[in-house]
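Notes to accompany the following structure.
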2 protein chains.
Amino acid sequence: MNAPTDPTDALWSSRTAAPRPSLRFVTAAAGAVALCLGGGCAAPDDELPPGLDTLFASTAPHGASPAEQALLDAVNTERLSDWHDMVAAVPHRAGTPGDAHLVDALVAAFTAMGLEVERHEFHALLAEPVSASVSIVAPEDIELSLIEEVLSEDSYSAHEDLEMGWNAYSASGDVTAEVVYVNHGRKEDFERLQTLGVSCEGRIVLARYGGNFRGYKAKFAEAAGAAGLIIFTDPKDSGWGRGLSYPEGGFAHPSHIQRGSILTVPWTGDPLTPYAEATADAERLAVDAIALPKIPVQPVSWSAAQQILSRMTGASVPGDWQGGLPFRYRLTGGDALQVRLAVEQRREIMPTWNVLATLRGTAEPEREVIIGSHHDAWNCGAVDPTCGLICVLEAAQAFVDSGLSPRRSITFAAWGAEEFGIIGSSEWVEANEQRLRENAVAYFNLDAAVTGPHFGASASPSLQRLIAEVTGAVAAVPADDADPAVGAGSPDDADAAVGAESADADTEGASAERRSVLADWRSRSQHAGVDDLPALGDLGGGSDFVTFLARAGVPSASLSAGGSAGTAYHGNHDTLAWYRQVVGDDYEPARMVTQITALLAARLADAPLLPLDPSMVGIETKRHLTDLSARGRSNGLFATGEQTVAPELKRLRNKAHKVQQRGQQIRSALARSQEAGELDDKALAQINTLLLSLDRTWLDEQGLQNRPWYTNLFAAPDEDSGYAPWMLPALRWVVEHEEASALPAVEKRYLAVFARIHKLLDKLEKISG
Amino acid sequence: MNAPTDPTDALWSSRTAAPRPSLRFVTAAAGAVALCLGGGCAAPDDELPPGLDTLFASTAPHGASPAEQALLDAVNTERLSDWHDMVAAVPHRAGTPGDAHLVDALVAAFTAMGLEVERHEFHALLAEPVSASVSIVAPEDIELSLIEEVLSEDSYSAHEDLEMGWNAYSASGDVTAEVVYVNHGRKEDFERLQTLGVSCEGRIVLARYGGNFRGYKAKFAEAAGAAGLIIFTDPKDSGWGRGLSYPEGGFAHPSHIQRGSILTVPWTGDPLTPYAEATADAERLAVDAIALPKIPVQPVSWSAAQQILSRMTGASVPGDWQGGLPFRYRLTGGDALQVRLAVEQRREIMPTWNVLATLRGTAEPEREVIIGSHHDAWNCGAVDPTCGLICVLEAAQAFVDSGLSPRRSITFAAWGAEEFGIIGSSEWVEANEQRLRENAVAYFNLDAAVTGPHFGASASPSLQRLIAEVTGAVAAVPADDADPAVGAGSPDDADAAVGAESADADTEGASAERRSVLADWRSRSQHAGVDDLPALGDLGGGSDFVTFLARAGVPSASLSAGGSAGTAYHGNHDTLAWYRQVVGDDYEPARMVTQITALLAARLADAPLLPLDPSMVGIETKRHLTDLSARGRSNGLFATGEQTVAPELKRLRNKAHKVQQRGQQIRSALARSQEAGELDDKALAQINTLLLSLDRTWLDEQGLQNRPWYTNLFAAPDEDSGYAPWMLPALRWVVEHEEASALPAVEKRYLAVFARIHKLLDKLEKISG
């Protein structure tokens with residue numbers, strides 16, 4: 001009713017009126033500049049632009065080269081805000097006209113930039129809500145609301161295409177039963193209920209969000225014999241337990257409902273076409289051959305949940321099961337309290353689209369850096385995903401506007417149907433798997449990437465140093481934009497200023513000098529294995545990097561900036577009004593993330609020597625072996641002992657240590673050769689091919705235990721929550737399942753990985769001298 | 001109205017009707033048995049009753065001697081319940097007729113046992129509530145309730161003598177102002193407010209209970225310029241955040257109000273007579289010469305607080321300031337919200353009483369073991385204090401009934417006016433200070449000592465091993481009585497059964513065999529310094545041991561058993577109905593605590609060689625130095641380093657280590673001499689005098705910084721919360737105040753303590769050979 005008019009029109013007209021940079025792709029004019037990117041240019045030795053050579057020499061933060069600075073300067077906050085209007089003003093769930101229109105707009109935008117654009121159609125099994133109701137039927141009749149309140153402060157919340165809350169792939173069904181509260185509905189929660197003698201059989205179970213992927217709540221509820229599942233947002237986790245509610249503050253409104261898929265098939269992507277692209281005529285699994293939910297599942301707000309929870313009469317919950325509602329939570333509702341849950345959904349194979357826009361490389365066009373965010377959202381998706389999508393758009397625009405023309409290709413991607421099961425990116429990777437395994441340099445994911453001023457990343461080992469290095473050349477969001485409680489103090493060391501050349505300036509309280517992202521990041525965290533790096537997360541499950549990483553072995557990273565006080569996750573209040581009130585309307589954080597992303601792409605696409613680092617994989621593998629030792633000791637699989645790595649993993653640890661030592665030597669040798677100008681084109685080509693293969697050494701076509709689709713022995717999503725990373729996942733499986741007998745065979749597979757790595761390092765050593 | 005009739009009548013009549021053990025003190029008949037107590041009896045060597053010798057030989061749990069077993073068997077659960085009826089049926093705040101009647105009943109009960117009874121009168125400055133009101137006066141008028149609801153399930157809650165909520169020693173005053181929320185009202189909370197730019201000047205501040213002694217909330221509020229203070233119980237800390245509310249469960253009812261004193265003078269006891277007994281004609285400080293609160297202070301329930309808190313409109317609180325009420329807490333109320341706080345109290349010097357009952361020792365009557373609990377309560381006090389007081393009564397009765405007549409005296413004490421400022425015990429210690437410093441063997445405190453099945457203790461180092469040893473001879477509360485969530489599993493090692501001689505029996509699932517208290521205790525905790533001991537707490541502030549310990553240097557312990565799900569702390573629902581519903585009506589936990597207390601008294605009073613342990617003080621001092629090092633490092637007073645003890649404390653650490661080594665050698669030597677029968681009466685007398693002096697070596701008449709009344713350099717209540725222990729308190733002061741310049745002088749004082757200890761150990765070494 002009060003919804004804004006089509007923002008795409010507004011965007012185009014405003015952009016047409018404003019003076020605009022050329023959208024044409026200026027190959028020739030940009031060439032000379034581009035040649036200077038990344039350390040291989042013709043500048044004199046004492047002015048070597050930093051970048052690649054810095055990675056191989058040290059990780060001290062440093063400035064951008066002039067060409068890189070032009071790229072950074074091209075990133076524009078007003079345009080970021082305009083893109084946001086274009087992509088987040090109306091609801092656009094995959095499978096709806098809203099999303100189809102957005103795809104059109106994206107194709108138009110990338111085309112206008114002069115990029116090579118592909119609209120990649122795929123046909124996946126999606127779901128659609130038909131109807132749902134949750135009601136108390138005894139001792140009194142109360143119908144509970146299943147949609148968020150329309151807020152007068154937020155005109156977007158009134159859009160007529162906004163839908164009720166639902167969990168995609170729920171079974172259809174209509175059940176009436178007693179209720180049981182199952183805390184987060186994790187494996188251990190259902191086990192605890194069993195210990196406490198509480199049966200879920202035939203009952204409707206109530207689970208609060210958090211603690212695991214919602215699909216596992218459904219899976220475990222079904223396994224426990226539940227008749228249905230109601231998932232609610234708890235105010236302790238998302239509301240007053242965290243801060244003021246929207247619209248006064250940024251946290252969940254009492255009517256907030258978290259939508260989301262509950263798919264848990266043992267692969268990522270279209271549930272019917274694992275291993276293959278979901279083309280219109282692809283060979284498909286039968287729908288009833290896959291483990292889709294068999295019980296009705298429905299998300300509700302805490303306002304609705306409170307009606308049920310406050311009427312429960314059973315025993316008090318264990319201490320850590322208590323949520324934030326103003327009464328003690330109970331395990332059971334008692335038989336006087338009857339709840340009806342009715343859900344109707346349609347599951348249907350339907351077309352939807354990825355949009356890919358490529359800036360073709362000048363020298364090695366087949367080599368490809370990919371930057372992506374999905375475009376589909378449960379509603380308007382101002383946060384999830386579009387605050388990341390606008391960085392993809394703006395990074396592309398910045399490359400075009402600054403006229404850069406790198407050696408290798410950069411592909412900007414907007415993925416479809418991520419919310420249903422990371423489908424679009426997976427189908428594209430499956431469609432291009434061989435090519436990507438051979439040529440993909442790296443994948444950067446930007447899903448919902450900008451919700452505050454503080455940058456962070458999860459990344460494959462080979463990308464960690466580069467990411468840190470790049471953040472040293474980008475200015476942090478000004479302190480007055482940042483949460484005063486976090487990292488807003490005056491810079492107090494040389495790292496604090498952007499660019500090594502300005503490190504001597506008086507930075508104390510200087511307003512002209514802006515702190516680097518790296519300085520802010522390092523002030524908040526410290527890498528466990530390397531002194532001069534900030535902490536980077538382990539990459540696991542949950543977004544479009546999964547198939548790149550865990551199936552194709554492409555080094556990947558998830559980039560984001562957070563720190564604002566709020567969440568409207570998967571709710572109808574995830575709007576531009578929410579975003580601009582809570583995160584801000586100056587788009588400084590989005591500029592920062594875009595600049596980091598663009599600079600990463602520039603260095604990976606243009607450096608003559610690929611800045612993929614062979615020195616971190618050994619360090620990180622050792623860290624993961626230490627972690628697995630501790631887990632195996634705490635569950636009794638391994639004997640306790642004083643050494644950080646259990647004797648059972650000692651052989652692997654020694655191999656990892658050797659990889660670390662050799663990786664560091666090779667990194668130094670490469671840096672020396674690079675600086676001395678000893679690497680000719682042939683050597684560079686050979687080295688690059690080897691560096692590009694490094695992450696693929698972890699691929700093992702046998703796949704993981706019970707999940708053969710996942711072929712990367714270094715990283716995978718976890719088995720029971722879907723969100724958390726499992727590092728060295730075949731080994732992790734042995735530890736989690738306490739399957740000592742499986743250890744020798746798994747160890748052998750990892751020894752084979754190390755053999756492949758050492759073989760690769762042998763070759764690198766030989767070439768790098 | 002519905003209150004029970006005088007339970008004292010009921011008790012006496014029921015006891016007269018039932019067959020009763022002799023209440024007469026049978027000196028002669030009991031003598032032979034008594035001589036066998038504690039290891040020095042005439043039994044053949046191979047049947048040496050365990051006790052003292054076990055302490056000096058090892059800490060393995062073991063059984064009681066036949067005489068000790070008779071004492072344990074005399075402890076009677078029905079009588080414990082009867083005592084409880086006698087002491088907790090009616091309100092008995094210090095200064096009220098209810099408490100005077102209770103004193104009469106206690107005198108009568110101890111007299112009936114045949115003990116030497118003293119009614120010790122003292123005249124302290126107490127306070128009395130006159131009237132109070134808390135109301136919202138704008139934007140609307142709401143008068144808030146200041147008394148708990150009468151519950152139909154609990155007839156005791158209707159007693160006409162129950163009073164409104166109040167904080168003793170509040171100033172009288174009537175103020176109307178805006179409000180500020182100050183979290184727990186700790187020093188750091190007010191500092192945080194200053195950082196956040198929130199002024200308390202002229203405002204009424206709202207603090208939630210917890211985090212410190214309530215007196216410091218008032219002190220800091222006053223220092224911050226507040227016009228008044230309202231303290232509320234938060235449901236997160238005492239209500240639904242913990243469990244089901246009374247009367248369904250045991251946690252705080254929404255109308256629960258925590259009463260309590262807010263006295264914070266820098267000594268313990270009557271605020272007007274530090275150092276001296278508060279006799280009727282004692283020399284007194286002027287009331288306005290001491291730092292009594294100058295602003296009105298009033299406690300309220302969360303039902304009342306919610307009315308104010310929910311109307312506040314200021315900024316969101318920092319994360320950890322959020323309580324359990326169903327909205328985000330705010331820092332400020334805004335000027336539209338006006339609250340009126342009116343308090344009228346009388347401060348008056350009035351008589352009240354300690355009751356002391358002595359079982360006179362046969363051989364060393366001047367040597368005295370003291371067991372005490374206060375008798376005054378804010379209301380009926382079924383928990384606080386009388387569930388401990390009944391153990392004192394029953395321990396006395398058990399000694400009498402079992403006919404024991406130990407070498408040294410045992411004094412059973414019921415202290416007055418503890419709630420106002422630990423007054424009665426302090427006045428008695430001050431009245432008898434020289435005698436106690438020379439002759440007191442140990443003090444055991446039993447304030448509110450039985451609220452569940454799981455035993456624990458805080459204790460001076462010289463008592464720690466004895467307490468652990470004694471708990472090895474007492475049966476734990478049967479598992480079906482205990483919380484199923486805590487330590488209720490089958491015993492799985494030899495310690496599990498009561499008595500070393502039954503350790504070989506098959507205890508797995510055996511119902512006949514009861515687990516020892518020690519086994520239960522050790523399954524829940526582990527001493528940081530000694531492998532075979534459970535963890536014992538550090539003794540600090542908060543009850544009647546303070547003056548014994550921190551001024552007279554008497555080794556002390558606080559004994560208690562907890563683990564039930566509930567609290568009615570200082571509220572009108574602290575009734576027998578609450579106790580019997582929540583803790584239980586079988587009095588098994590009270591029997592256990594009484595048995596432990598009686599056995600401790602028996603061994604300390606009867607063992608020819610005093611079982612005070614010289615080996616723990618060095619171990620514990622080292623632990624405290626490690627803790628102080630960490631604190632001093634974290635606040636920058638000490639340089640960081642790898643050694644657990646900072647170099648600045650190294651000299652003290654070395655001295656403590658030497659004390660530990662020598663203490664252990666002497667303990668072994670004493671055990672050997674004892675076993676070999678080499679210690680004649682003269683040697684024993686000399687050794688006992690030295691062992692008795694051990695804890696007094698820490699006394700230093702200069703006292704603590706700014707608190708000269710506290711003379712024990714080993715332990716004191718902390719400076720800013722009043723509840724927590726400060727160990728090595730003169731040193732702790734240096735660390736907390738970061739006063740590096742004060743360190744040399746303080747170190748010198750501690751070196752003098754070590755010199756005194758070493759001199760004492762020299763003498764012990766010489767005698768023990």
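By order of appearance in the structure tokens: chains A, B, ..., then residues from 1 within every chain, and ligands from 1 in the order shown.
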For chain A, report every residue with an atom at most 7 Å from chain B (counting only C-alpha atoms), formatted as a PDB file with all heavy atoms, in the first residue's frame.
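Written out: selection-v4.pdb:
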```
ATOM      1  N   TRP A 240      15.373  -7.931  23.581  1.00  0.00           N
ATOM      2  CA  TRP A 240      15.831  -7.089  24.689  1.00  0.00           C
ATOM      3  C   TRP A 240      17.059  -7.643  25.383  1.00  0.00           C
ATOM      4  O   TRP A 240      17.743  -6.904  26.097  1.00  0.00           O
ATOM      5  CB  TRP A 240      14.696  -6.809  25.663  1.00  0.00           C
ATOM      6  CG  TRP A 240      14.019  -8.028  26.231  1.00  0.00           C
ATOM      7  CD1 TRP A 240      14.563  -8.954  27.081  1.00  0.00           C
ATOM      8  CD2 TRP A 240      12.656  -8.438  26.023  1.00  0.00           C
ATOM      9  NE1 TRP A 240      13.633  -9.905  27.414  1.00  0.00           N
ATOM     10  CE2 TRP A 240      12.454  -9.617  26.786  1.00  0.00           C
ATOM     11  CE3 TRP A 240      11.601  -7.922  25.284  1.00  0.00           C
ATOM     12  CZ2 TRP A 240      11.219 -10.285  26.818  1.00  0.00           C
ATOM     13  CZ3 TRP A 240      10.388  -8.596  25.324  1.00  0.00           C
ATOM     14  CH2 TRP A 240      10.199  -9.761  26.068  1.00  0.00           C
ATOM     15  N   GLY A 241      17.354  -8.918  25.168  1.00  0.00           N
ATOM     16  CA  GLY A 241      18.594  -9.453  25.713  1.00  0.00           C
ATOM     17  C   GLY A 241      19.819  -8.842  25.050  1.00  0.00           C
ATOM     18  O   GLY A 241      20.917  -8.890  25.594  1.00  0.00           O
ATOM     19  N   ARG A 242      19.632  -8.263  23.878  1.00  0.00           N
ATOM     20  CA  ARG A 242      20.754  -7.689  23.134  1.00  0.00           C
ATOM     21  C   ARG A 242      20.697  -6.159  23.065  1.00  0.00           C
ATOM     22  O   ARG A 242      21.740  -5.513  23.037  1.00  0.00           O
ATOM     23  CB  ARG A 242      20.766  -8.250  21.703  1.00  0.00           C
ATOM     24  CG  ARG A 242      20.698  -9.781  21.593  1.00  0.00           C
ATOM     25  CD  ARG A 242      22.042 -10.442  21.459  1.00  0.00           C
ATOM     26  NE  ARG A 242      22.881  -9.842  20.457  1.00  0.00           N
ATOM     27  CZ  ARG A 242      22.857 -10.131  19.140  1.00  0.00           C
ATOM     28  NH1 ARG A 242      21.994 -11.017  18.689  1.00  0.00           N
ATOM     29  NH2 ARG A 242      23.690  -9.547  18.307  1.00  0.00           N
ATOM     30  N   GLY A 243      19.498  -5.596  23.005  1.00  0.00           N
ATOM     31  CA  GLY A 243      19.418  -4.141  22.885  1.00  0.00           C
ATOM     32  C   GLY A 243      17.989  -3.704  22.618  1.00  0.00           C
ATOM     33  O   GLY A 243      17.041  -4.489  22.764  1.00  0.00           O
ATOM     34  N   LEU A 244      17.842  -2.447  22.220  1.00  0.00           N
ATOM     35  CA  LEU A 244      16.519  -1.890  21.961  1.00  0.00           C
ATOM     36  C   LEU A 244      15.941  -2.456  20.662  1.00  0.00           C
ATOM     37  O   LEU A 244      16.649  -2.659  19.684  1.00  0.00           O
ATOM     38  CB  LEU A 244      16.594  -0.369  21.855  1.00  0.00           C
ATOM     39  CG  LEU A 244      16.957   0.364  23.159  1.00  0.00           C
ATOM     40  CD1 LEU A 244      17.213   1.847  22.883  1.00  0.00           C
ATOM     41  CD2 LEU A 244      15.852   0.190  24.197  1.00  0.00           C
ATOM     42  N   SER A 316      10.460 -27.370  35.416  1.00  0.00           N
ATOM     43  CA  SER A 316      11.383 -26.297  35.052  1.00  0.00           C
ATOM     44  C   SER A 316      12.476 -26.832  34.135  1.00  0.00           C
ATOM     45  O   SER A 316      12.927 -27.963  34.266  1.00  0.00           O
ATOM     46  CB  SER A 316      11.993 -25.744  36.342  1.00  0.00           C
ATOM     47  OG  SER A 316      13.013 -24.821  36.062  1.00  0.00           O
ATOM     48  N   GLY A 319      19.130 -25.083  33.634  1.00  0.00           N
ATOM     49  CA  GLY A 319      19.541 -23.672  33.714  1.00  0.00           C
ATOM     50  C   GLY A 319      19.788 -22.977  32.402  1.00  0.00           C
ATOM     51  O   GLY A 319      19.260 -21.894  32.158  1.00  0.00           O
ATOM     52  N   GLN A 322      16.898 -21.636  29.693  1.00  0.00           N
ATOM     53  CA  GLN A 322      15.987 -20.512  29.918  1.00  0.00           C
ATOM     54  C   GLN A 322      16.212 -19.428  28.870  1.00  0.00           C
ATOM     55  O   GLN A 322      17.353 -19.043  28.605  1.00  0.00           O
ATOM     56  CB  GLN A 322      16.225 -19.939  31.322  1.00  0.00           C
ATOM     57  CG  GLN A 322      15.405 -18.706  31.659  1.00  0.00           C
ATOM     58  CD  GLN A 322      13.915 -18.999  31.823  1.00  0.00           C
ATOM     59  OE1 GLN A 322      13.521 -20.141  32.040  1.00  0.00           O
ATOM     60  NE2 GLN A 322      13.081 -17.980  31.700  1.00  0.00           N
ATOM     61  N   GLY A 324      14.465 -15.530  27.297  1.00  0.00           N
ATOM     62  CA  GLY A 324      14.291 -14.198  27.849  1.00  0.00           C
ATOM     63  C   GLY A 324      12.861 -13.815  28.196  1.00  0.00           C
ATOM     64  O   GLY A 324      12.633 -12.714  28.687  1.00  0.00           O
ATOM     65  N   LEU A 325      11.895 -14.675  27.939  1.00  0.00           N
ATOM     66  CA  LEU A 325      10.514 -14.302  28.259  1.00  0.00           C
ATOM     67  C   LEU A 325      10.318 -14.306  29.775  1.00  0.00           C
ATOM     68  O   LEU A 325      11.016 -15.027  30.496  1.00  0.00           O
ATOM     69  CB  LEU A 325       9.529 -15.247  27.551  1.00  0.00           C
ATOM     70  CG  LEU A 325       9.511 -15.062  26.017  1.00  0.00           C
ATOM     71  CD1 LEU A 325       8.761 -16.193  25.327  1.00  0.00           C
ATOM     72  CD2 LEU A 325       8.876 -13.712  25.656  1.00  0.00           C
ATOM     73  N   PRO A 326       9.369 -13.501  30.256  1.00  0.00           N
ATOM     74  CA  PRO A 326       9.311 -13.213  31.695  1.00  0.00           C
ATOM     75  C   PRO A 326       8.600 -14.266  32.538  1.00  0.00           C
ATOM     76  O   PRO A 326       7.660 -13.968  33.264  1.00  0.00           O
ATOM     77  CB  PRO A 326       8.588 -11.869  31.740  1.00  0.00           C
ATOM     78  CG  PRO A 326       7.694 -11.894  30.564  1.00  0.00           C
ATOM     79  CD  PRO A 326       8.421 -12.667  29.508  1.00  0.00           C
ATOM     80  N   PHE A 327       9.074 -15.498  32.437  1.00  0.00           N
ATOM     81  CA  PHE A 327       8.583 -16.586  33.295  1.00  0.00           C
ATOM     82  C   PHE A 327       9.563 -17.724  33.116  1.00  0.00           C
ATOM     83  O   PHE A 327      10.362 -17.714  32.164  1.00  0.00           O
ATOM     84  CB  PHE A 327       7.165 -17.029  32.882  1.00  0.00           C
ATOM     85  CG  PHE A 327       6.983 -17.156  31.396  1.00  0.00           C
ATOM     86  CD1 PHE A 327       7.490 -18.262  30.709  1.00  0.00           C
ATOM     87  CD2 PHE A 327       6.367 -16.149  30.658  1.00  0.00           C
ATOM     88  CE1 PHE A 327       7.362 -18.366  29.324  1.00  0.00           C
ATOM     89  CE2 PHE A 327       6.244 -16.240  29.272  1.00  0.00           C
ATOM     90  CZ  PHE A 327       6.739 -17.359  28.608  1.00  0.00           C
ATOM     91  N   ARG A 328       9.525 -18.699  34.000  1.00  0.00           N
ATOM     92  CA  ARG A 328      10.411 -19.844  33.852  1.00  0.00           C
ATOM     93  C   ARG A 328       9.899 -20.731  32.730  1.00  0.00           C
ATOM     94  O   ARG A 328       8.698 -21.052  32.683  1.00  0.00           O
ATOM     95  CB  ARG A 328      10.460 -20.649  35.153  1.00  0.00           C
ATOM     96  CG  ARG A 328      11.522 -21.758  35.152  1.00  0.00           C
ATOM     97  CD  ARG A 328      12.914 -21.190  35.123  1.00  0.00           C
ATOM     98  NE  ARG A 328      13.956 -22.188  34.980  1.00  0.00           N
ATOM     99  CZ  ARG A 328      15.245 -21.884  34.881  1.00  0.00           C
ATOM    100  NH1 ARG A 328      15.652 -20.610  34.881  1.00  0.00           N
ATOM    101  NH2 ARG A 328      16.150 -22.819  34.771  1.00  0.00           N
TER     102      ARG A 328
END
```
Calculated over only C-alpha atoms, which of the candidates A:Met164, A:Ala382, A:Leu341, A:Leu285 has the smallest distance to Val90 (chain A)? A:Ala382
Per-residue DSSP, region 342-501 of chain A, filtered to alpha helix (DSSP H), as an MDAnalysis selection string: chainID A and resid 386:401 418:421 423:431 433:439 461:471
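Restricting the calculation to only C-alpha atoms, the smallest distance between Pro296 (chain A) and any of A:Leu609, A:Ala226, A:Ala602, A:Met350 is found for A:Ala226.
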Fewer than 5 positions away in the same chain doesn't count, so skip those; otherwise give me all residues within 10 Å of region 93-106 of chain B, counting only C-alpha atoms, as a PyMOL selection string. chain B and resi 8-9+83+86-88+111-112+117+119+124+126-128+161-163+348-357+375-381+393+413-420
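Using only C-alpha atoms, the protein and nucleic acid residues lying no more than 8 Å from region 610-612 of chain A, apart from those fewer than 2 places from it along its own chain, are A:Leu52, A:Leu55, A:Phe56, A:Ser462, A:Leu463, A:Leu466, A:Arg603, A:Leu604, A:Ala605, A:Ala607, A:Pro608, A:Pro614, A:Asn688, A:Leu691, A:Leu692.
Excluding Ala396 (chain A) itself and any same-chain residue fewer than 4 positions from it, the protein and nucleic acid residues within 8 Å of it, counting only C-alpha atoms, are Phe110, Met113, Val392, Val400, Phe412 and Ala598 of chain A.
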Store the residues picked out above in a file with all heavy atoms, as a compact mmCIF listing (two decimals), in the first residue's frame.
```txt
# COMPACT_ATOMS: atom_id res chain seq x y z
N PHE A 110 24.97 -4.46 -15.16
CA PHE A 110 26.29 -4.97 -15.57
C PHE A 110 26.53 -4.71 -17.06
O PHE A 110 27.64 -4.43 -17.49
CB PHE A 110 26.41 -6.47 -15.27
CG PHE A 110 26.65 -6.78 -13.81
CD1 PHE A 110 25.80 -7.64 -13.12
CD2 PHE A 110 27.74 -6.24 -13.13
CE1 PHE A 110 26.03 -7.96 -11.79
CE2 PHE A 110 27.98 -6.56 -11.79
CZ PHE A 110 27.11 -7.41 -11.12
N MET A 113 27.68 -1.34 -17.72
CA MET A 113 29.09 -1.12 -17.39
C MET A 113 30.02 -1.58 -18.52
O MET A 113 31.20 -1.32 -18.48
CB MET A 113 29.45 -1.93 -16.12
CG MET A 113 28.79 -1.44 -14.86
SD MET A 113 29.27 -2.51 -13.47
CE MET A 113 27.92 -2.22 -12.33
N VAL A 392 29.43 -5.86 -4.62
CA VAL A 392 29.81 -6.54 -5.86
C VAL A 392 29.57 -5.59 -7.04
O VAL A 392 30.45 -5.41 -7.91
CB VAL A 392 29.00 -7.84 -6.04
CG1 VAL A 392 29.33 -8.50 -7.38
CG2 VAL A 392 29.26 -8.81 -4.88
N VAL A 400 35.56 -0.54 -13.78
CA VAL A 400 35.25 0.07 -15.07
C VAL A 400 35.62 1.55 -15.06
O VAL A 400 36.32 2.05 -15.95
CB VAL A 400 33.75 -0.13 -15.39
CG1 VAL A 400 33.34 0.71 -16.59
CG2 VAL A 400 33.46 -1.61 -15.63
N PHE A 412 32.08 -10.95 -11.69
CA PHE A 412 31.20 -10.44 -10.65
C PHE A 412 29.90 -11.24 -10.74
O PHE A 412 29.28 -11.31 -11.79
CB PHE A 412 30.94 -8.95 -10.85
CG PHE A 412 32.22 -8.15 -10.86
CD1 PHE A 412 32.88 -7.89 -12.07
CD2 PHE A 412 32.78 -7.70 -9.68
CE1 PHE A 412 34.08 -7.17 -12.08
CE2 PHE A 412 33.98 -6.99 -9.69
CZ PHE A 412 34.64 -6.73 -10.89
N ALA A 598 37.75 -4.96 -4.04
CA ALA A 598 38.30 -4.56 -5.34
C ALA A 598 39.82 -4.71 -5.35
O ALA A 598 40.41 -5.20 -6.33
CB ALA A 598 37.90 -3.11 -5.66
```
What's around region 262-275 of chain B at 6 Å? Count only C-alpha atoms, leave out sequence neighbours fewer than 3 positions away in its own chain, and write the answer as a compact mmCIF listing (two decimals) with N, CA and C atoms, in the first residue's frame.
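The resulting around.txt:
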```
# COMPACT_ATOMS: atom_id res chain seq x y z
N ALA B 124 23.94 -2.13 71.24
CA ALA B 124 24.49 -1.65 69.96
C ALA B 124 23.54 -0.68 69.30
N ARG B 214 25.24 -4.80 49.76
CA ARG B 214 24.31 -3.69 49.47
C ARG B 214 24.74 -2.37 50.10
N GLY B 215 25.48 -2.44 51.20
CA GLY B 215 25.96 -1.21 51.84
C GLY B 215 26.84 -0.39 50.91
N ALA B 278 30.29 -3.54 73.59
CA ALA B 278 29.22 -2.55 73.64
C ALA B 278 28.38 -2.75 74.90
N ARG B 284 31.44 5.63 73.79
CA ARG B 284 30.91 5.48 72.43
C ARG B 284 31.35 6.60 71.51
N LEU B 285 31.43 6.26 70.23
CA LEU B 285 31.58 7.30 69.22
C LEU B 285 30.25 8.03 69.10
N GLY B 421 25.13 -6.01 61.34
CA GLY B 421 26.54 -5.71 61.10
C GLY B 421 27.44 -6.68 61.86
N ILE B 422 27.00 -7.97 61.95
CA ILE B 422 27.79 -9.01 62.61
C ILE B 422 28.13 -8.51 64.02
N ILE B 423 27.11 -8.06 64.73
CA ILE B 423 27.34 -7.31 65.95
C ILE B 423 27.57 -8.21 67.17
N SER B 426 30.84 -10.09 67.33
CA SER B 426 31.96 -9.15 67.45
C SER B 426 32.07 -8.61 68.87
N ARG B 707 41.99 0.63 57.59
CA ARG B 707 41.07 -0.20 58.38
C ARG B 707 41.85 -0.84 59.54
N TRP B 709 41.30 -1.60 62.45
CA TRP B 709 40.64 -2.58 63.32
C TRP B 709 40.95 -4.01 62.87
```
Using the chain letters and numbers from this document, which residues of region 103-229 of chain A does DSSP assign to strand (DSSP E), as a ChimeraX atom specification? /A:116-138,142-144,167-168,173-177,179-181,204-208,228-229
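Reported to one decimal place, the separation of CA of Ile390 (chain B) from CA of Phe455 (chain B) is 16.5 Å.
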